[in-house]
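Structure data (PDB, C-alpha atoms and all ligand atoms) from final08.pdb:
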```pdb
ATOM      1  CA  MET J1203     166.625 259.608 -46.451  1.00  0.00           C
ATOM      2  CA  ALA J1204     163.578 257.328 -46.457  1.00  0.00           C
ATOM      3  CA  THR J1205     161.931 256.915 -43.073  1.00  0.00           C
ATOM      4  CA  TYR J1206     160.375 253.723 -41.778  1.00  0.00           C
ATOM      5  CA  GLU J1207     156.860 254.319 -40.490  1.00  0.00           C
ATOM      6  CA  PRO J1208     155.407 251.054 -39.181  1.00  0.00           C
ATOM      7  CA  ARG J1209     151.881 252.453 -38.853  1.00  0.00           C
ATOM      8  CA  ASP J1210     151.700 254.089 -42.260  1.00  0.00           C
ATOM      9  CA  LYS J1211     148.696 254.607 -44.564  1.00  0.00           C
ATOM     10  CA  TYR J1212     148.676 250.971 -45.731  1.00  0.00           C
ATOM     11  CA  TYR J1213     148.908 249.615 -42.209  1.00  0.00           C
ATOM     12  CA  ARG J1214     145.840 251.695 -41.254  1.00  0.00           C
ATOM     13  CA  LYS J1215     144.020 250.770 -44.473  1.00  0.00           C
ATOM     14  CA  ALA J1216     144.642 247.070 -43.771  1.00  0.00           C
ATOM     15  CA  ARG J1217     143.179 247.477 -40.272  1.00  0.00           C
ATOM     16  CA  GLU J1218     140.112 249.242 -41.694  1.00  0.00           C
ATOM     17  CA  ARG J1219     139.473 246.496 -44.261  1.00  0.00           C
ATOM     18  CA  GLY J1220     140.099 243.693 -41.770  1.00  0.00           C
ATOM     19  CA  LEU J1221     143.157 242.486 -43.721  1.00  0.00           C
ATOM     20  CA  PRO J1222     145.887 240.712 -41.733  1.00  0.00           C
ATOM     21  CA  SER J1223     148.783 242.583 -43.376  1.00  0.00           C
ATOM     22  CA  ARG J1224     149.619 245.634 -45.459  1.00  0.00           C
ATOM     23  CA  ALA J1225     151.257 243.195 -47.909  1.00  0.00           C
ATOM     24  CA  ALA J1226     147.744 242.474 -49.207  1.00  0.00           C
ATOM     25  CA  PHE J1227     147.708 245.802 -51.075  1.00  0.00           C
ATOM     26  CA  LYS J1228     150.859 244.864 -52.986  1.00  0.00           C
ATOM     27  CA  LEU J1229     149.266 241.721 -54.383  1.00  0.00           C
ATOM     28  CA  GLU J1230     145.942 243.437 -55.013  1.00  0.00           C
ATOM     29  CA  GLU J1231     147.762 245.982 -57.158  1.00  0.00           C
ATOM     30  CA  LEU J1232     149.854 243.359 -58.987  1.00  0.00           C
ATOM     31  CA  ILE J1233     146.990 241.043 -59.933  1.00  0.00           C
ATOM     32  CA  GLU J1234     144.796 243.970 -60.927  1.00  0.00           C
ATOM     33  CA  ARG J1235     147.510 245.316 -63.258  1.00  0.00           C
ATOM     34  CA  ALA J1236     148.481 241.914 -64.700  1.00  0.00           C
ATOM     35  CA  LYS J1237     144.916 240.565 -64.915  1.00  0.00           C
ATOM     36  CA  ILE J1238     145.835 237.233 -63.387  1.00  0.00           C
ATOM     37  CA  ALA J1239     144.027 235.146 -60.715  1.00  0.00           C
ATOM     38  CA  PRO J1240     140.655 234.662 -62.449  1.00  0.00           C
ATOM     39  CA  ARG J1241     137.552 233.137 -60.829  1.00  0.00           C
ATOM     40  CA  GLY J1242     137.995 229.421 -60.185  1.00  0.00           C
ATOM     41  CA  ALA J1243     141.819 229.589 -60.342  1.00  0.00           C
ATOM     42  CA  ARG J1244     144.060 226.995 -58.669  1.00  0.00           C
ATOM     43  CA  ILE J1245     146.754 228.925 -56.794  1.00  0.00           C
ATOM     44  CA  ALA J1246     149.727 228.217 -54.499  1.00  0.00           C
ATOM     45  CA  ASP J1247     150.875 231.055 -52.199  1.00  0.00           C
ATOM     46  CA  LEU J1248     154.411 230.556 -50.845  1.00  0.00           C
ATOM     47  CA  GLY J1249     155.286 232.446 -47.657  1.00  0.00           C
ATOM     48  CA  CYS J1250     151.625 233.128 -46.876  1.00  0.00           C
ATOM     49  CA  ALA J1251     151.647 234.166 -43.188  1.00  0.00           C
ATOM     50  CA  PRO J1252     149.973 236.116 -41.697  1.00  0.00           C
ATOM     51  CA  GLY J1253     147.534 235.786 -44.604  1.00  0.00           C
ATOM     52  CA  GLY J1254     147.233 239.131 -46.415  1.00  0.00           C
ATOM     53  CA  TRP J1255     147.811 237.666 -49.868  1.00  0.00           C
ATOM     54  CA  LEU J1256     145.519 234.724 -49.090  1.00  0.00           C
ATOM     55  CA  ALA J1257     142.657 237.168 -48.425  1.00  0.00           C
ATOM     56  CA  ILE J1258     143.161 238.827 -51.831  1.00  0.00           C
ATOM     57  CA  LEU J1259     143.582 235.509 -53.678  1.00  0.00           C
ATOM     58  CA  ALA J1260     140.512 233.966 -52.035  1.00  0.00           C
ATOM     59  CA  ARG J1261     138.418 236.954 -53.038  1.00  0.00           C
ATOM     60  CA  ALA J1262     139.750 236.918 -56.635  1.00  0.00           C
ATOM     61  CA  ALA J1263     139.365 233.161 -57.193  1.00  0.00           C
ATOM     62  CA  GLY J1264     135.985 232.918 -55.472  1.00  0.00           C
ATOM     63  CA  PRO J1265     134.362 229.806 -54.003  1.00  0.00           C
ATOM     64  CA  ALA J1266     135.193 227.672 -57.053  1.00  0.00           C
ATOM     65  CA  GLY J1267     138.926 228.444 -56.675  1.00  0.00           C
ATOM     66  CA  ARG J1268     141.464 226.241 -54.960  1.00  0.00           C
ATOM     67  CA  ILE J1269     144.106 228.018 -52.881  1.00  0.00           C
ATOM     68  CA  VAL J1270     146.925 226.433 -50.915  1.00  0.00           C
ATOM     69  CA  GLY J1271     149.243 228.545 -48.754  1.00  0.00           C
ATOM     70  CA  VAL J1272     152.464 227.485 -47.059  1.00  0.00           C
ATOM     71  CA  ASP J1273     154.644 229.160 -44.455  1.00  0.00           C
ATOM     72  CA  LEU J1274     157.162 228.332 -41.736  1.00  0.00           C
ATOM     73  CA  ALA J1275     154.989 230.369 -39.375  1.00  0.00           C
ATOM     74  CA  ARG J1276     151.484 229.416 -38.387  1.00  0.00           C
ATOM     75  CA  CYS J1277     148.984 231.398 -40.417  1.00  0.00           C
ATOM     76  CA  THR J1278     146.275 232.734 -38.151  1.00  0.00           C
ATOM     77  CA  ASN J1279     144.040 234.367 -40.779  1.00  0.00           C
ATOM     78  CA  VAL J1280     142.825 231.698 -43.141  1.00  0.00           C
ATOM     79  CA  PRO J1281     139.924 232.587 -45.440  1.00  0.00           C
ATOM     80  CA  ALA J1282     137.144 229.998 -45.763  1.00  0.00           C
ATOM     81  CA  GLY J1283     138.014 227.184 -48.131  1.00  0.00           C
ATOM     82  CA  VAL J1284     141.752 227.946 -48.230  1.00  0.00           C
ATOM     83  CA  ILE J1285     144.214 225.186 -47.277  1.00  0.00           C
ATOM     84  CA  VAL J1286     147.244 226.254 -45.248  1.00  0.00           C
ATOM     85  CA  ILE J1287     150.291 224.094 -44.639  1.00  0.00           C
ATOM     86  CA  THR J1288     152.832 224.938 -41.955  1.00  0.00           C
ATOM     87  CA  GLY J1289     156.264 223.902 -43.192  1.00  0.00           C
ATOM     88  CA  ASP J1290     159.510 224.813 -44.907  1.00  0.00           C
ATOM     89  CA  ILE J1291     159.309 225.223 -48.678  1.00  0.00           C
ATOM     90  CA  LEU J1292     162.977 224.121 -48.846  1.00  0.00           C
ATOM     91  CA  ASP J1293     161.886 220.763 -47.478  1.00  0.00           C
ATOM     92  CA  ARG J1294     160.837 218.203 -50.084  1.00  0.00           C
ATOM     93  CA  ALA J1295     158.080 216.736 -47.896  1.00  0.00           C
ATOM     94  CA  THR J1296     156.464 220.187 -47.558  1.00  0.00           C
ATOM     95  CA  VAL J1297     156.573 220.689 -51.327  1.00  0.00           C
ATOM     96  CA  GLU J1298     154.786 217.363 -51.804  1.00  0.00           C
ATOM     97  CA  ARG J1299     152.093 218.376 -49.298  1.00  0.00           C
ATOM     98  CA  VAL J1300     151.434 221.639 -51.154  1.00  0.00           C
ATOM     99  CA  ILE J1301     151.256 219.795 -54.477  1.00  0.00           C
ATOM    100  CA  ALA J1302     148.827 217.270 -53.004  1.00  0.00           C
ATOM    101  CA  GLY J1303     146.713 220.139 -51.621  1.00  0.00           C
ATOM    102  CA  LEU J1304     146.512 221.759 -55.064  1.00  0.00           C
ATOM    103  CA  GLY J1305     145.162 218.540 -56.549  1.00  0.00           C
ATOM    104  CA  GLY J1306     146.079 219.516 -60.118  1.00  0.00           C
ATOM    105  CA  ALA J1307     148.152 221.889 -62.256  1.00  0.00           C
ATOM    106  CA  ALA J1308     148.193 225.483 -60.982  1.00  0.00           C
ATOM    107  CA  ASP J1309     147.058 228.629 -62.807  1.00  0.00           C
ATOM    108  CA  LEU J1310     149.167 230.884 -60.591  1.00  0.00           C
ATOM    109  CA  VAL J1311     152.013 230.611 -58.072  1.00  0.00           C
ATOM    110  CA  THR J1312     152.639 233.605 -55.826  1.00  0.00           C
ATOM    111  CA  SER J1313     155.717 233.935 -53.632  1.00  0.00           C
ATOM    112  CA  ASP J1314     156.241 236.618 -51.017  1.00  0.00           C
ATOM    113  CA  LEU J1315     158.902 234.441 -49.340  1.00  0.00           C
ATOM    114  CA  ALA J1316     161.404 236.457 -47.320  1.00  0.00           C
ATOM    115  CA  PRO J1317     163.987 235.255 -44.815  1.00  0.00           C
ATOM    116  CA  LYS J1318     164.294 236.642 -41.299  1.00  0.00           C
ATOM    117  CA  LEU J1319     166.816 239.394 -41.889  1.00  0.00           C
ATOM    118  CA  THR J1320     170.112 239.223 -40.012  1.00  0.00           C
ATOM    119  CA  GLY J1321     171.398 242.629 -41.136  1.00  0.00           C
ATOM    120  CA  ILE J1322     174.399 240.895 -42.741  1.00  0.00           C
ATOM    121  CA  ALA J1323     173.818 241.910 -46.342  1.00  0.00           C
ATOM    122  CA  MET J1324     175.620 239.000 -48.007  1.00  0.00           C
ATOM    123  CA  ARG J1325     173.864 236.400 -45.884  1.00  0.00           C
ATOM    124  CA  ASP J1326     170.410 238.001 -46.311  1.00  0.00           C
ATOM    125  CA  GLU J1327     170.871 238.220 -50.078  1.00  0.00           C
ATOM    126  CA  ALA J1328     171.994 234.580 -50.336  1.00  0.00           C
ATOM    127  CA  ARG J1329     169.019 233.405 -48.268  1.00  0.00           C
ATOM    128  CA  SER J1330     166.535 235.480 -50.332  1.00  0.00           C
ATOM    129  CA  HIS J1331     168.031 234.036 -53.479  1.00  0.00           C
ATOM    130  CA  GLU J1332     167.746 230.502 -52.150  1.00  0.00           C
ATOM    131  CA  LEU J1333     164.039 231.062 -51.431  1.00  0.00           C
ATOM    132  CA  LEU J1334     163.444 232.507 -54.875  1.00  0.00           C
ATOM    133  CA  ILE J1335     165.134 229.503 -56.507  1.00  0.00           C
ATOM    134  CA  ALA J1336     162.915 227.180 -54.450  1.00  0.00           C
ATOM    135  CA  ALA J1337     159.817 229.157 -55.507  1.00  0.00           C
ATOM    136  CA  ARG J1338     160.785 228.999 -59.173  1.00  0.00           C
ATOM    137  CA  GLN J1339     161.508 225.262 -58.998  1.00  0.00           C
ATOM    138  CA  PHE J1340     158.178 224.734 -57.287  1.00  0.00           C
ATOM    139  CA  ALA J1341     156.397 226.761 -59.985  1.00  0.00           C
ATOM    140  CA  ARG J1342     158.089 224.759 -62.743  1.00  0.00           C
ATOM    141  CA  ARG J1343     156.683 221.597 -61.201  1.00  0.00           C
ATOM    142  CA  VAL J1344     153.105 222.719 -60.738  1.00  0.00           C
ATOM    143  CA  LEU J1345     152.200 225.367 -63.332  1.00  0.00           C
ATOM    144  CA  ARG J1346     150.100 224.465 -66.346  1.00  0.00           C
ATOM    145  CA  PRO J1347     151.314 225.809 -69.714  1.00  0.00           C
ATOM    146  CA  GLY J1348     150.123 229.419 -70.071  1.00  0.00           C
ATOM    147  CA  ALA J1349     149.989 229.975 -66.293  1.00  0.00           C
ATOM    148  CA  ALA J1350     151.536 232.845 -64.311  1.00  0.00           C
ATOM    149  CA  MET J1351     153.808 233.583 -61.361  1.00  0.00           C
ATOM    150  CA  ILE J1352     154.382 236.563 -59.082  1.00  0.00           C
ATOM    151  CA  ALA J1353     157.517 236.488 -56.929  1.00  0.00           C
ATOM    152  CA  LYS J1354     159.210 238.905 -54.594  1.00  0.00           C
ATOM    153  CA  VAL J1355     162.799 239.657 -55.537  1.00  0.00           C
ATOM    154  CA  PHE J1356     165.398 241.958 -53.976  1.00  0.00           C
ATOM    155  CA  MET J1357     167.823 243.967 -56.051  1.00  0.00           C
ATOM    156  CA  GLY J1358     171.222 242.289 -55.662  1.00  0.00           C
ATOM    157  CA  LYS J1359     174.172 240.992 -57.638  1.00  0.00           C
ATOM    158  CA  GLU J1360     172.186 237.974 -58.943  1.00  0.00           C
ATOM    159  CA  PHE J1361     169.339 240.161 -60.207  1.00  0.00           C
ATOM    160  CA  SER J1362     170.008 239.980 -63.987  1.00  0.00           C
ATOM    161  CA  ARG J1363     170.598 236.225 -63.813  1.00  0.00           C
ATOM    162  CA  ILE J1364     167.322 235.723 -61.934  1.00  0.00           C
ATOM    163  CA  VAL J1365     165.362 237.683 -64.542  1.00  0.00           C
ATOM    164  CA  ALA J1366     167.048 235.727 -67.367  1.00  0.00           C
ATOM    165  CA  GLU J1367     166.050 232.445 -65.707  1.00  0.00           C
ATOM    166  CA  PHE J1368     162.434 233.563 -65.504  1.00  0.00           C
ATOM    167  CA  GLU J1369     162.584 234.580 -69.161  1.00  0.00           C
ATOM    168  CA  ARG J1370     163.544 231.020 -70.076  1.00  0.00           C
ATOM    169  CA  ASP J1371     160.390 229.692 -68.398  1.00  0.00           C
ATOM    170  CA  PHE J1372     157.847 232.397 -69.269  1.00  0.00           C
ATOM    171  CA  GLU J1373     156.996 234.261 -72.475  1.00  0.00           C
ATOM    172  CA  SER J1374     156.436 237.553 -70.645  1.00  0.00           C
ATOM    173  CA  VAL J1375     158.456 238.779 -67.655  1.00  0.00           C
ATOM    174  CA  ALA J1376     158.162 242.204 -66.023  1.00  0.00           C
ATOM    175  CA  VAL J1377     159.867 243.532 -62.910  1.00  0.00           C
ATOM    176  CA  THR J1378     157.910 246.101 -60.971  1.00  0.00           C
ATOM    177  CA  ARG J1379     157.592 247.965 -57.689  1.00  0.00           C
ATOM    178  CA  THR J1380     154.272 248.365 -55.958  1.00  0.00           C
ATOM    179  CA  VAL J1381     152.870 251.600 -54.621  1.00  0.00           C
ATOM    180  CA  ALA J1382     152.411 249.932 -51.213  1.00  0.00           C
ATOM    181  CA  THR J1383     156.115 248.997 -50.930  1.00  0.00           C
ATOM    182  CA  ARG J1384     157.771 250.966 -48.146  1.00  0.00           C
ATOM    183  CA  PRO J1385     159.846 253.935 -49.344  1.00  0.00           C
ATOM    184  CA  GLY J1386     163.532 253.038 -49.472  1.00  0.00           C
ATOM    185  CA  SER J1387     162.910 249.281 -49.767  1.00  0.00           C
ATOM    186  CA  SER J1388     164.780 247.394 -52.505  1.00  0.00           C
ATOM    187  CA  GLU J1389     161.863 244.980 -52.804  1.00  0.00           C
ATOM    188  CA  LEU J1390     160.629 244.327 -56.329  1.00  0.00           C
ATOM    189  CA  TYR J1391     158.197 241.827 -57.841  1.00  0.00           C
ATOM    190  CA  ILE J1392     158.615 239.652 -60.888  1.00  0.00           C
ATOM    191  CA  VAL J1393     155.371 239.229 -62.774  1.00  0.00           C
ATOM    192  CA  ALA J1394     155.813 236.336 -65.188  1.00  0.00           C
ATOM    193  CA  LYS J1395     153.073 235.308 -67.587  1.00  0.00           C
ATOM    194  CA  ARG J1396     152.455 232.529 -70.111  1.00  0.00           C
ATOM    195  CA  PHE J1397     154.486 229.681 -68.647  1.00  0.00           C
ATOM    196  CA  ARG J1398     156.111 227.673 -71.418  1.00  0.00           C
ATOM    197  CA  ARG J1399     155.445 223.949 -71.571  1.00  0.00           C
ATOM    198  CA  ARG J1400     157.541 222.019 -69.050  1.00  0.00           C
ATOM    199  CA  ASN J1401     160.718 220.655 -70.517  1.00  0.00           C
ATOM    200  CA  GLU J1402     163.013 218.763 -68.166  1.00  0.00           C
ATOM    201  CA  GLY J1403     166.086 219.617 -70.278  1.00  0.00           C
ATOM    202  CA  ARG J1404     165.564 223.339 -69.715  1.00  0.00           C
TER     203      ARG J1404
HETATM  204  C1  LIG J1501     156.680 239.056 -46.170  1.00  0.00           C
HETATM  205  S1  LIG J1501     156.135 237.654 -45.306  1.00  0.00           S
HETATM  206  C2  LIG J1501     154.723 237.170 -46.211  1.00  0.00           C
HETATM  207  C3  LIG J1501     153.516 238.069 -46.037  1.00  0.00           C
HETATM  208  C4  LIG J1501     152.268 237.503 -46.694  1.00  0.00           C
HETATM  209  N1  LIG J1501     152.388 237.506 -48.150  1.00  0.00           N
HETATM  210  C5  LIG J1501     151.031 238.264 -46.325  1.00  0.00           C
HETATM  211  O1  LIG J1501     150.429 238.887 -47.202  1.00  0.00           O
HETATM  212  O2  LIG J1501     150.599 238.225 -45.178  1.00  0.00           O
HETATM  213  C6  LIG J1501     157.306 236.435 -45.753  1.00  0.00           C
HETATM  214  C7  LIG J1501     157.021 235.063 -45.208  1.00  0.00           C
HETATM  215  O3  LIG J1501     157.940 234.112 -45.753  1.00  0.00           O
HETATM  216  C8  LIG J1501     158.011 233.053 -44.819  1.00  0.00           C
HETATM  217  N2  LIG J1501     159.135 232.156 -45.085  1.00  0.00           N
HETATM  218  C9  LIG J1501     160.456 232.447 -45.044  1.00  0.00           C
HETATM  219  N3  LIG J1501     161.196 231.369 -45.323  1.00  0.00           N
HETATM  220  C10 LIG J1501     160.328 230.342 -45.549  1.00  0.00           C
HETATM  221  C11 LIG J1501     160.480 228.980 -45.888  1.00  0.00           C
HETATM  222  N4  LIG J1501     161.705 228.440 -46.034  1.00  0.00           N
HETATM  223  N5  LIG J1501     159.374 228.209 -46.057  1.00  0.00           N
HETATM  224  C12 LIG J1501     158.145 228.750 -45.888  1.00  0.00           C
HETATM  225  N6  LIG J1501     157.927 230.056 -45.567  1.00  0.00           N
HETATM  226  C13 LIG J1501     159.001 230.842 -45.398  1.00  0.00           C
HETATM  227  C14 LIG J1501     158.136 233.779 -43.484  1.00  0.00           C
HETATM  228  O4  LIG J1501     157.824 232.949 -42.397  1.00  0.00           O
HETATM  229  C15 LIG J1501     157.161 234.955 -43.684  1.00  0.00           C
HETATM  230  O5  LIG J1501     155.912 234.702 -43.088  1.00  0.00           O
END
```
Show this structure as structure tokens.
Amino acid sequence: MATYEPRDKYYRKARERGLPSRAAFKLEELIERAKIAPRGARIADLGCAPGGWLAILARAAGPAGRIVGVDLARCTNVPAGVIVITGDILDRATVERVIAGLGGAADLVTSDLAPKLTGIAMRDEARSHELLIAARQFARRVLRPGAAMIAKVFMGKEFSRIVAEFERDFESVAVTRTVATRPGSSELYIVAKRFRRRNEGR
């Protein structure tokens, strides 16, 4: 059986590199493999606290990039130049604030959104799904044609439908695990590239 080791290799590595969370290594691996997040990119990071992904995105996009993070929780590690909004992505007013912060069409939307787990499988799965739908709707509003998205997804009964929905919006969709994901976790990431032109009828 997989064991949960809170202070594992990635936790220690994050401490050594001054990164606020071990989650940073997951994104570092994903953007390196997919070759997304170029210098100067405009990026929205959904579920950004405590700021591990923001650190990786800020480094990848450089000073000419524009990065806006949003989370229910206050983000205490905000890289220079990054805008962070405290709010609920399910709330329309928060969505508008993130869009205003971006100031133009995005090259990449990342979502590591995850609900506080209750241990009640059906409820946790429904809540995760709701967050993923919100992330995808947000991406559809802000991405420029050709842009990309990375989103956390948990294996569940809606899994095939979720992937099919991404395939409608993007020309290339891959589902992957990261090396830094804890053993035994059902966490996966969708890496979707080449956003198709927005079409309200879709
Ligand atoms: C796994 S953590 C993100 C870790 C982050 N990517 C990092 O590298 O530090 C998931 C985050 O999703 C946030 N979250 C959950 N539901 C949310 C919602 N409705 N709106 C905004 N953020 C939400 C949580 O507060 C939590 O901080």
Close residues to ligand LIG 1501 (chain J) using only C-alpha atoms and all ligand atoms, limit 8 Å, as a PyMOL selection string: chain J and resi 1222-1226+1229+1247-1256+1272-1275+1288-1293+1313-1318+1333
Among listed residues J:Ser1374, J:Arg1241, J:Thr1383, J:Met1324, nearest J:Gly1358 (using all atoms listed in the file):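 Checking each of J:Ser1374, J:Arg1241, J:Thr1383, J:Met1324 against J:Gly1358, counting all atoms listed in the file, the winner is J:Met1324.
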Show me, as JSON, the centre and edge lengths in Å to one decimal of the axis-aligned box that covers every listed atom of stretch 1300-1304 of chain J with 3 Å on each side.
```
{"center_x": 149.0, "center_y": 219.5, "center_z": -53.1, "size_x": 10.9, "size_y": 10.5, "size_z": 9.9}
```
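With all atoms listed in the file as the atoms that count, the residue of J:Val1365, J:Ala1394, J:Val1270, J:Ala1236 with the shortest distance to J:Ala1308 is J:Val1270.
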Contact check, stretch 1269-1376 of chain J to stretch 1210-1221 of chain J, at most 12 Å, counting all atoms listed in the file, closest pairs as JSON lines:
```
{"residue": "J:Thr1278", "atom": "CA", "partner": "J:Leu1221", "partner_atom": "CA", "distance": 11.7}
{"residue": "J:Asn1279", "atom": "CA", "partner": "J:Leu1221", "partner_atom": "CA", "distance": 8.7}
{"residue": "J:Val1280", "atom": "CA", "partner": "J:Leu1221", "partner_atom": "CA", "distance": 10.8}
{"residue": "J:Pro1281", "atom": "CA", "partner": "J:Leu1221", "partner_atom": "CA", "distance": 10.6}
```
